[in-house]
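Asker: Quick one: structure below, then a few questions.
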Amino acid sequence: AIPSLFPFFVVSSLLVDLGFAQALGRRLEGLMQPLFHVRGAGAAALVLGFLGGYPVGASTAASLYTQGILSREEAQKLLSFCNNCSPAFAVNILGLGVFGSSRTGLFLYLIHVLSALLTGLLLRGAPLSLRSLRGRNAPRPLSFSSAFVKAVGGGARAMAGVCGFIVLFSVLLLPLHHLTGESAAVATGFVELFNGASLLSADRMGFITAAALLGWGGLSVHCQTLSVLSGLPSRRYWMGKCIQCVLSGLIAAVSS
């Protein structure tokens, strides 16, 4: 997961600095603004969040804000639902690794996507005002060479933070090793998703727990996310993950 995450950090930065996020935004304005009350450029954070995994979506939202492409309010709205797991984690780690079925992993991922979108609708707030639509003065796109060097350097720094939190929380999990059964999966997954996933049982309760834990993400992921927010308040982010956790568990329970 760590090596595959780095290219997404680089791509995220390149999309913003080369102007592709604005170009994408012009095409998706009619979708993002009515549904989530965010300008079309926010679609870059949503798409990369679904494909790249934690915390790429949050990092992209923060970049869109710091570059002046989205307002502070829009970036906070995105944080509530754009920071999600990757399909590779859901299908390979959970589907094949826990349940022995890629179809189950894909089903978990679809539940994850649906719960994130529903969370975005619930927390979208008021429509954008005319003042918000004017936004800030977005900078001109960088040259490819400048953007590439910046993206690789920024991606490396972000990866260092991610690795640091993974190591730290692996140590903090040691007191939980005496737990057994589903309580071990819940407690461990609440803190660190990957380790919690390995303890899940391959039954209906394990499926529901897996969905809820995917929606939550884990304290390790949240710390990784906070490290890339560039000063954005995190209150709406925490609200979003709590709501997504509940929605994911409910959808999994109803559908299984």
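Starting from 1 in every chain, residues are counted up; chains themselves are A, B, ... following the order of the structure tokens, and ligands are numbered from 1 as listed.
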Give me the range 175-241 of chain A side of the contact with range 147-170 of chain A, cut-off 10 Å, one line per residue showing its nearest atom pair and distance in Å at one decimal, counting only C-alpha atoms, sorted by chain and residue number, as JSON lines.

Answerer:
```
{"residue": "A:Thr188", "atom": "CA", "partner": "A:Ser170", "partner_atom": "CA", "distance": 9.9}
{"residue": "A:Val191", "atom": "CA", "partner": "A:Phe169", "partner_atom": "CA", "distance": 7.4}
{"residue": "A:Glu192", "atom": "CA", "partner": "A:Phe169", "partner_atom": "CA", "distance": 6.8}
{"residue": "A:Phe194", "atom": "CA", "partner": "A:Ile166", "partner_atom": "CA", "distance": 9.7}
{"residue": "A:Asn195", "atom": "CA", "partner": "A:Ser170", "partner_atom": "CA", "distance": 8.3}
{"residue": "A:Leu219", "atom": "CA", "partner": "A:Phe169", "partner_atom": "CA", "distance": 8.4}
{"residue": "A:Ser220", "atom": "CA", "partner": "A:Phe165", "partner_atom": "CA", "distance": 6.1}
{"residue": "A:Val221", "atom": "CA", "partner": "A:Phe165", "partner_atom": "CA", "distance": 8.1}
{"residue": "A:His222", "atom": "CA", "partner": "A:Phe165", "partner_atom": "CA", "distance": 9.7}
{"residue": "A:Cys223", "atom": "CA", "partner": "A:Phe165", "partner_atom": "CA", "distance": 7.1}
{"residue": "A:Gln224", "atom": "CA", "partner": "A:Val162", "partner_atom": "CA", "distance": 5.4}
{"residue": "A:Thr225", "atom": "CA", "partner": "A:Val162", "partner_atom": "CA", "distance": 8.7}
{"residue": "A:Ser227", "atom": "CA", "partner": "A:Gly161", "partner_atom": "CA", "distance": 7.3}
{"residue": "A:Val228", "atom": "CA", "partner": "A:Ala158", "partner_atom": "CA", "distance": 7.2}
```

Asker: With only C-alpha atoms counted and 12 Å as the cut-off, give the residues of range 85-125 of chain A in contact with range 39-45 of chain A, each with its shortest interatomic distance in Å and the pair that gives it, as JSON lines.

Answerer:
```
{"residue": "A:Leu117", "atom": "CA", "partner": "A:Ala43", "partner_atom": "CA", "distance": 12.0}
{"residue": "A:Gly120", "atom": "CA", "partner": "A:Gly42", "partner_atom": "CA", "distance": 11.9}
{"residue": "A:Arg124", "atom": "CA", "partner": "A:Arg39", "partner_atom": "CA", "distance": 11.8}
```

Asker: Please report, as a compact mmCIF listing (two decimals) with N, CA and C atoms, in the first residue's frame, each residue of range 19-197 of chain A to which DSSP assigns helix (DSSP H, G or I) when run on this structure's backbone.

Answerer:
```
# COMPACT_ATOMS: atom_id res chain seq x y z
N PHE A 20 -5.15 21.07 -14.41
CA PHE A 20 -6.11 20.05 -14.83
C PHE A 20 -7.34 20.02 -13.93
N ALA A 21 -7.18 20.36 -12.65
CA ALA A 21 -8.33 20.36 -11.74
C ALA A 21 -9.37 21.38 -12.18
N GLN A 22 -8.88 22.57 -12.62
CA GLN A 22 -9.82 23.58 -13.10
C GLN A 22 -10.49 23.14 -14.39
N ALA A 23 -9.74 22.49 -15.28
CA ALA A 23 -10.32 22.01 -16.54
C ALA A 23 -11.38 20.94 -16.27
N LEU A 24 -11.06 20.03 -15.34
CA LEU A 24 -12.03 19.01 -14.95
C LEU A 24 -13.25 19.66 -14.31
N GLY A 25 -13.00 20.70 -13.53
CA GLY A 25 -14.08 21.40 -12.84
C GLY A 25 -15.09 22.02 -13.79
N ARG A 26 -14.61 22.55 -14.90
CA ARG A 26 -15.53 23.15 -15.86
C ARG A 26 -16.49 22.13 -16.45
N ARG A 27 -16.03 20.89 -16.56
CA ARG A 27 -16.87 19.83 -17.11
C ARG A 27 -17.84 19.26 -16.07
N LEU A 28 -17.44 19.30 -14.80
CA LEU A 28 -18.25 18.69 -13.75
C LEU A 28 -18.94 19.70 -12.84
N GLU A 29 -18.92 20.95 -13.23
CA GLU A 29 -19.56 22.00 -12.43
C GLU A 29 -21.04 21.69 -12.22
N GLY A 30 -21.70 21.23 -13.26
CA GLY A 30 -23.12 20.95 -13.18
C GLY A 30 -23.47 19.74 -12.33
N LEU A 31 -22.48 18.97 -11.94
CA LEU A 31 -22.70 17.82 -11.06
C LEU A 31 -22.31 18.13 -9.61
N MET A 32 -21.12 18.68 -9.42
CA MET A 32 -20.61 18.91 -8.07
C MET A 32 -21.38 20.00 -7.33
N GLN A 33 -21.72 21.08 -8.04
CA GLN A 33 -22.35 22.20 -7.33
C GLN A 33 -23.78 21.88 -6.88
N PRO A 34 -24.64 21.29 -7.73
CA PRO A 34 -25.99 20.97 -7.24
C PRO A 34 -26.01 19.89 -6.16
N LEU A 35 -25.13 18.89 -6.29
CA LEU A 35 -25.15 17.78 -5.35
C LEU A 35 -24.46 18.11 -4.03
N PHE A 36 -23.24 18.66 -4.11
CA PHE A 36 -22.44 18.82 -2.91
C PHE A 36 -22.14 20.28 -2.55
N GLY A 40 -16.85 22.60 -9.38
CA GLY A 40 -16.47 21.40 -10.12
C GLY A 40 -15.06 20.94 -9.88
N ALA A 41 -14.13 21.86 -9.58
CA ALA A 41 -12.74 21.48 -9.34
C ALA A 41 -12.62 20.52 -8.17
N GLY A 42 -13.60 20.53 -7.27
CA GLY A 42 -13.58 19.60 -6.14
C GLY A 42 -13.68 18.15 -6.55
N ALA A 43 -14.10 17.89 -7.79
CA ALA A 43 -14.19 16.52 -8.28
C ALA A 43 -12.81 15.85 -8.29
N ALA A 44 -11.75 16.63 -8.44
CA ALA A 44 -10.40 16.06 -8.42
C ALA A 44 -10.11 15.39 -7.08
N ALA A 45 -10.51 16.05 -5.98
CA ALA A 45 -10.30 15.46 -4.65
C ALA A 45 -11.16 14.23 -4.46
N LEU A 46 -12.40 14.28 -4.97
CA LEU A 46 -13.30 13.14 -4.81
C LEU A 46 -12.79 11.92 -5.58
N VAL A 47 -12.42 12.11 -6.84
CA VAL A 47 -11.97 10.99 -7.67
C VAL A 47 -10.65 10.41 -7.14
N LEU A 48 -9.69 11.27 -6.83
CA LEU A 48 -8.40 10.77 -6.34
C LEU A 48 -8.54 10.13 -4.96
N GLY A 49 -9.48 10.63 -4.17
CA GLY A 49 -9.73 10.02 -2.87
C GLY A 49 -10.26 8.61 -3.00
N PHE A 50 -11.12 8.38 -3.99
CA PHE A 50 -11.67 7.04 -4.20
C PHE A 50 -10.66 6.09 -4.83
N LEU A 51 -9.74 6.61 -5.64
CA LEU A 51 -8.79 5.75 -6.33
C LEU A 51 -7.49 5.55 -5.55
N GLY A 52 -7.00 6.62 -4.93
CA GLY A 52 -5.69 6.57 -4.29
C GLY A 52 -5.69 6.07 -2.87
N VAL A 56 -5.07 10.69 0.30
CA VAL A 56 -4.88 11.41 -0.96
C VAL A 56 -6.02 12.41 -1.21
N GLY A 57 -7.26 11.99 -0.92
CA GLY A 57 -8.39 12.89 -1.14
C GLY A 57 -8.29 14.16 -0.31
N ALA A 58 -7.92 13.99 0.96
CA ALA A 58 -7.78 15.16 1.84
C ALA A 58 -6.62 16.04 1.39
N SER A 59 -5.52 15.42 0.97
CA SER A 59 -4.37 16.18 0.50
C SER A 59 -4.74 17.00 -0.74
N THR A 60 -5.54 16.43 -1.64
CA THR A 60 -5.96 17.15 -2.85
C THR A 60 -6.87 18.31 -2.49
N ALA A 61 -7.81 18.08 -1.57
CA ALA A 61 -8.71 19.16 -1.13
C ALA A 61 -7.92 20.31 -0.53
N ALA A 62 -6.92 19.98 0.29
CA ALA A 62 -6.09 21.02 0.90
C ALA A 62 -5.31 21.79 -0.16
N SER A 63 -4.80 21.08 -1.17
CA SER A 63 -4.06 21.75 -2.25
C SER A 63 -4.96 22.69 -3.04
N LEU A 64 -6.18 22.26 -3.31
CA LEU A 64 -7.12 23.11 -4.04
C LEU A 64 -7.41 24.39 -3.26
N TYR A 65 -7.42 24.27 -1.94
CA TYR A 65 -7.64 25.46 -1.11
C TYR A 65 -6.40 26.35 -1.08
N THR A 66 -5.24 25.79 -0.84
CA THR A 66 -4.03 26.62 -0.72
C THR A 66 -3.67 27.28 -2.05
N ARG A 72 -12.28 28.20 1.46
CA ARG A 72 -12.08 27.47 2.71
C ARG A 72 -13.30 26.60 3.02
N GLU A 73 -14.50 27.17 2.82
CA GLU A 73 -15.74 26.44 3.09
C GLU A 73 -15.87 25.23 2.18
N GLU A 74 -15.56 25.39 0.91
CA GLU A 74 -15.65 24.28 -0.03
C GLU A 74 -14.67 23.16 0.34
N ALA A 75 -13.46 23.53 0.70
CA ALA A 75 -12.46 22.53 1.07
C ALA A 75 -12.90 21.75 2.30
N GLN A 76 -13.52 22.43 3.27
CA GLN A 76 -14.00 21.74 4.46
C GLN A 76 -15.13 20.78 4.13
N LYS A 77 -15.99 21.17 3.19
CA LYS A 77 -17.06 20.26 2.76
C LYS A 77 -16.46 19.01 2.13
N LEU A 78 -15.46 19.19 1.28
CA LEU A 78 -14.83 18.04 0.64
C LEU A 78 -14.20 17.10 1.66
N LEU A 79 -13.60 17.66 2.71
CA LEU A 79 -12.94 16.83 3.71
C LEU A 79 -13.91 15.87 4.38
N PRO A 87 -9.74 1.07 -3.92
CA PRO A 87 -10.34 -0.21 -4.30
C PRO A 87 -9.39 -1.39 -4.07
N ALA A 88 -8.09 -1.15 -4.20
CA ALA A 88 -7.12 -2.24 -3.99
C ALA A 88 -7.18 -2.75 -2.56
N PHE A 89 -7.32 -1.85 -1.60
CA PHE A 89 -7.39 -2.27 -0.20
C PHE A 89 -8.67 -3.07 0.05
N ALA A 90 -9.79 -2.57 -0.45
CA ALA A 90 -11.07 -3.23 -0.21
C ALA A 90 -11.11 -4.61 -0.87
N VAL A 91 -10.63 -4.70 -2.11
CA VAL A 91 -10.74 -5.95 -2.86
C VAL A 91 -9.66 -6.95 -2.44
N ASN A 92 -8.41 -6.50 -2.34
CA ASN A 92 -7.31 -7.42 -2.07
C ASN A 92 -7.16 -7.75 -0.58
N ILE A 93 -7.11 -6.73 0.25
CA ILE A 93 -6.87 -6.95 1.69
C ILE A 93 -8.10 -7.53 2.37
N LEU A 94 -9.25 -6.89 2.15
CA LEU A 94 -10.47 -7.35 2.81
C LEU A 94 -11.14 -8.48 2.03
N GLY A 95 -11.39 -8.26 0.74
CA GLY A 95 -12.10 -9.26 -0.04
C GLY A 95 -11.38 -10.59 -0.11
N LEU A 96 -10.18 -10.58 -0.69
CA LEU A 96 -9.42 -11.82 -0.85
C LEU A 96 -8.76 -12.26 0.44
N GLY A 97 -8.18 -11.31 1.18
CA GLY A 97 -7.42 -11.67 2.38
C GLY A 97 -8.27 -12.15 3.53
N VAL A 98 -9.47 -11.56 3.71
CA VAL A 98 -10.32 -11.92 4.86
C VAL A 98 -11.45 -12.86 4.45
N SER A 102 -13.02 -11.84 -4.11
CA SER A 102 -12.86 -10.49 -4.65
C SER A 102 -14.21 -9.82 -4.82
N ARG A 103 -15.27 -10.61 -5.07
CA ARG A 103 -16.61 -10.05 -5.20
C ARG A 103 -17.07 -9.41 -3.89
N THR A 104 -16.77 -10.07 -2.78
CA THR A 104 -17.11 -9.49 -1.47
C THR A 104 -16.34 -8.19 -1.24
N GLY A 105 -15.08 -8.17 -1.63
CA GLY A 105 -14.29 -6.96 -1.49
C GLY A 105 -14.85 -5.83 -2.34
N LEU A 106 -15.27 -6.15 -3.57
CA LEU A 106 -15.86 -5.14 -4.44
C LEU A 106 -17.17 -4.62 -3.85
N PHE A 107 -17.96 -5.51 -3.27
CA PHE A 107 -19.21 -5.11 -2.62
C PHE A 107 -18.93 -4.16 -1.46
N LEU A 108 -17.90 -4.47 -0.67
CA LEU A 108 -17.52 -3.59 0.43
C LEU A 108 -17.10 -2.21 -0.10
N TYR A 109 -16.38 -2.21 -1.20
CA TYR A 109 -15.93 -0.94 -1.78
C TYR A 109 -17.12 -0.12 -2.28
N LEU A 110 -18.09 -0.77 -2.89
CA LEU A 110 -19.27 -0.05 -3.36
C LEU A 110 -20.07 0.53 -2.19
N ILE A 111 -20.15 -0.23 -1.10
CA ILE A 111 -20.80 0.30 0.12
C ILE A 111 -20.04 1.52 0.62
N HIS A 112 -18.73 1.43 0.58
CA HIS A 112 -17.86 2.53 1.02
C HIS A 112 -18.10 3.78 0.17
N VAL A 113 -18.16 3.61 -1.13
CA VAL A 113 -18.39 4.74 -2.04
C VAL A 113 -19.77 5.35 -1.79
N LEU A 114 -20.79 4.50 -1.68
CA LEU A 114 -22.14 4.99 -1.46
C LEU A 114 -22.26 5.76 -0.15
N SER A 115 -21.66 5.22 0.92
CA SER A 115 -21.75 5.90 2.22
C SER A 115 -21.01 7.23 2.19
N ALA A 116 -19.90 7.31 1.44
CA ALA A 116 -19.18 8.58 1.33
C ALA A 116 -20.02 9.62 0.60
N LEU A 117 -20.65 9.22 -0.49
CA LEU A 117 -21.48 10.16 -1.26
C LEU A 117 -22.69 10.63 -0.44
N LEU A 118 -23.30 9.70 0.30
CA LEU A 118 -24.42 10.08 1.16
C LEU A 118 -23.97 11.04 2.26
N THR A 119 -22.78 10.81 2.79
CA THR A 119 -22.23 11.73 3.80
C THR A 119 -22.03 13.11 3.21
N GLY A 120 -21.51 13.17 1.97
CA GLY A 120 -21.34 14.45 1.31
C GLY A 120 -22.65 15.19 1.13
N LEU A 121 -23.72 14.46 0.82
CA LEU A 121 -25.04 15.08 0.67
C LEU A 121 -25.55 15.60 2.01
N LEU A 122 -25.34 14.82 3.06
CA LEU A 122 -25.83 15.21 4.39
C LEU A 122 -25.10 16.43 4.94
N LEU A 130 -22.80 33.94 -4.07
CA LEU A 130 -22.15 34.59 -5.21
C LEU A 130 -20.72 34.98 -4.85
N ARG A 131 -20.52 35.39 -3.61
CA ARG A 131 -19.18 35.76 -3.15
C ARG A 131 -18.26 34.55 -3.16
N SER A 132 -18.78 33.39 -2.73
CA SER A 132 -17.96 32.17 -2.72
C SER A 132 -17.61 31.73 -4.12
N LEU A 133 -18.55 31.90 -5.05
CA LEU A 133 -18.31 31.49 -6.42
C LEU A 133 -17.20 32.30 -7.07
N ARG A 134 -17.06 33.55 -6.64
CA ARG A 134 -15.96 34.36 -7.17
C ARG A 134 -14.63 33.79 -6.71
N PHE A 144 5.57 22.29 -16.54
CA PHE A 144 5.59 20.87 -16.14
C PHE A 144 6.81 20.55 -15.29
N SER A 145 7.98 21.07 -15.66
CA SER A 145 9.19 20.75 -14.90
C SER A 145 9.09 21.24 -13.47
N SER A 146 8.60 22.47 -13.29
CA SER A 146 8.46 23.01 -11.93
C SER A 146 7.43 22.23 -11.13
N ALA A 147 6.29 21.93 -11.79
CA ALA A 147 5.23 21.20 -11.11
C ALA A 147 5.68 19.79 -10.74
N PHE A 148 6.46 19.15 -11.62
CA PHE A 148 6.91 17.78 -11.36
C PHE A 148 7.86 17.72 -10.18
N VAL A 149 8.83 18.63 -10.16
CA VAL A 149 9.78 18.68 -9.04
C VAL A 149 9.07 18.95 -7.73
N LYS A 150 8.14 19.89 -7.76
CA LYS A 150 7.36 20.21 -6.56
C LYS A 150 6.53 19.01 -6.11
N ALA A 151 5.90 18.32 -7.07
CA ALA A 151 5.04 17.19 -6.74
C ALA A 151 5.81 16.05 -6.12
N VAL A 152 6.97 15.72 -6.67
CA VAL A 152 7.77 14.63 -6.13
C VAL A 152 8.28 14.97 -4.73
N GLY A 153 8.76 16.19 -4.54
CA GLY A 153 9.23 16.60 -3.23
C GLY A 153 8.12 16.60 -2.20
N GLY A 154 6.97 17.15 -2.58
CA GLY A 154 5.84 17.17 -1.66
C GLY A 154 5.32 15.78 -1.36
N GLY A 155 5.31 14.91 -2.39
CA GLY A 155 4.87 13.53 -2.18
C GLY A 155 5.79 12.78 -1.23
N ALA A 156 7.10 13.03 -1.36
CA ALA A 156 8.06 12.36 -0.48
C ALA A 156 7.86 12.80 0.98
N ARG A 157 7.62 14.09 1.17
CA ARG A 157 7.38 14.58 2.53
C ARG A 157 6.09 14.01 3.10
N ALA A 158 5.05 13.94 2.27
CA ALA A 158 3.79 13.37 2.73
C ALA A 158 3.95 11.90 3.09
N MET A 159 4.71 11.16 2.28
CA MET A 159 4.93 9.75 2.55
C MET A 159 5.71 9.53 3.84
N ALA A 160 6.65 10.43 4.12
CA ALA A 160 7.41 10.32 5.37
C ALA A 160 6.46 10.44 6.56
N GLY A 161 5.51 11.36 6.48
CA GLY A 161 4.53 11.51 7.55
C GLY A 161 3.64 10.29 7.68
N VAL A 162 3.19 9.74 6.55
CA VAL A 162 2.34 8.55 6.57
C VAL A 162 3.08 7.38 7.22
N CYS A 163 4.32 7.15 6.79
CA CYS A 163 5.11 6.04 7.34
C CYS A 163 5.36 6.23 8.84
N GLY A 164 5.62 7.45 9.25
CA GLY A 164 5.86 7.73 10.65
C GLY A 164 4.66 7.37 11.51
N PHE A 165 3.47 7.74 11.07
CA PHE A 165 2.27 7.43 11.85
C PHE A 165 1.97 5.94 11.84
N ILE A 166 2.24 5.26 10.73
CA ILE A 166 2.02 3.81 10.68
C ILE A 166 2.90 3.09 11.69
N VAL A 167 4.16 3.49 11.77
CA VAL A 167 5.08 2.87 12.73
C VAL A 167 4.64 3.18 14.16
N LEU A 168 4.29 4.44 14.41
CA LEU A 168 3.88 4.84 15.76
C LEU A 168 2.66 4.06 16.22
N PHE A 169 1.65 3.96 15.37
CA PHE A 169 0.41 3.30 15.80
C PHE A 169 0.58 1.78 15.86
N SER A 170 1.52 1.24 15.12
CA SER A 170 1.82 -0.19 15.27
C SER A 170 2.34 -0.48 16.67
N VAL A 171 3.12 0.44 17.21
CA VAL A 171 3.62 0.29 18.58
C VAL A 171 2.49 0.51 19.59
N LEU A 172 1.64 1.50 19.34
CA LEU A 172 0.54 1.79 20.27
C LEU A 172 -0.48 0.67 20.33
N LEU A 174 0.20 -2.48 20.65
CA LEU A 174 0.70 -3.62 21.42
C LEU A 174 -0.17 -3.97 22.64
N PRO A 175 -0.70 -3.00 23.40
CA PRO A 175 -1.55 -3.35 24.55
C PRO A 175 -2.85 -4.05 24.17
N LEU A 176 -3.25 -3.96 22.89
CA LEU A 176 -4.52 -4.58 22.46
C LEU A 176 -4.35 -6.02 22.00
N HIS A 177 -3.12 -6.52 22.00
CA HIS A 177 -2.87 -7.86 21.46
C HIS A 177 -3.48 -8.97 22.31
N HIS A 178 -3.87 -8.67 23.55
CA HIS A 178 -4.47 -9.71 24.39
C HIS A 178 -5.94 -9.92 24.07
N GLY A 181 -11.34 -12.42 19.33
CA GLY A 181 -12.65 -12.36 18.71
C GLY A 181 -12.93 -11.04 18.01
N GLU A 182 -14.22 -10.75 17.83
CA GLU A 182 -14.63 -9.55 17.10
C GLU A 182 -14.24 -8.28 17.85
N SER A 183 -14.17 -8.34 19.18
CA SER A 183 -13.77 -7.16 19.95
C SER A 183 -12.34 -6.75 19.61
N ALA A 184 -11.49 -7.71 19.31
CA ALA A 184 -10.11 -7.41 18.93
C ALA A 184 -10.08 -6.68 17.60
N ALA A 185 -10.90 -7.14 16.64
CA ALA A 185 -10.96 -6.50 15.32
C ALA A 185 -11.48 -5.07 15.44
N VAL A 186 -12.53 -4.87 16.24
CA VAL A 186 -13.12 -3.54 16.40
C VAL A 186 -12.14 -2.59 17.07
N ALA A 187 -11.57 -3.01 18.19
CA ALA A 187 -10.66 -2.14 18.93
C ALA A 187 -9.41 -1.83 18.12
N THR A 188 -8.84 -2.84 17.49
CA THR A 188 -7.63 -2.64 16.69
C THR A 188 -7.92 -1.81 15.45
N GLY A 189 -9.03 -2.12 14.76
CA GLY A 189 -9.40 -1.37 13.56
C GLY A 189 -9.76 0.07 13.85
N PHE A 190 -10.29 0.33 15.03
CA PHE A 190 -10.58 1.71 15.42
C PHE A 190 -9.30 2.54 15.46
N VAL A 191 -8.21 1.90 15.86
CA VAL A 191 -6.93 2.60 15.95
C VAL A 191 -6.18 2.54 14.62
N LEU A 193 -6.46 0.60 10.74
CA LEU A 193 -7.36 -0.18 9.90
C LEU A 193 -6.73 -1.48 9.40
N PHE A 194 -5.51 -1.43 8.91
CA PHE A 194 -4.90 -2.61 8.31
C PHE A 194 -4.78 -3.75 9.31
N ASN A 195 -4.28 -3.45 10.51
CA ASN A 195 -4.15 -4.49 11.53
C ASN A 195 -5.50 -5.01 11.99
N GLY A 196 -6.49 -4.12 12.08
CA GLY A 196 -7.83 -4.56 12.46
C GLY A 196 -8.45 -5.47 11.43
N ALA A 197 -8.20 -5.17 10.15
CA ALA A 197 -8.76 -5.99 9.08
C ALA A 197 -8.29 -7.43 9.16
```

Asker: Would you work out the distance separating CA of Phe99 in chain A from CA of Gly217 in chain A, expressed in Å to one decimal?

Answerer: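 Computing the Euclidean distance for CA of Phe99 in chain A and CA of Gly217 in chain A yields 19.0 Å.
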
Asker: Quick one: of A:Pro139, A:Pro55, A:Gly231, A:Gly215, who's nearest to Leu247 in chain A, counting only C-alpha atoms?

Answerer: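 Closest to Leu247 in chain A, using only C-alpha atoms: A:Gly215.
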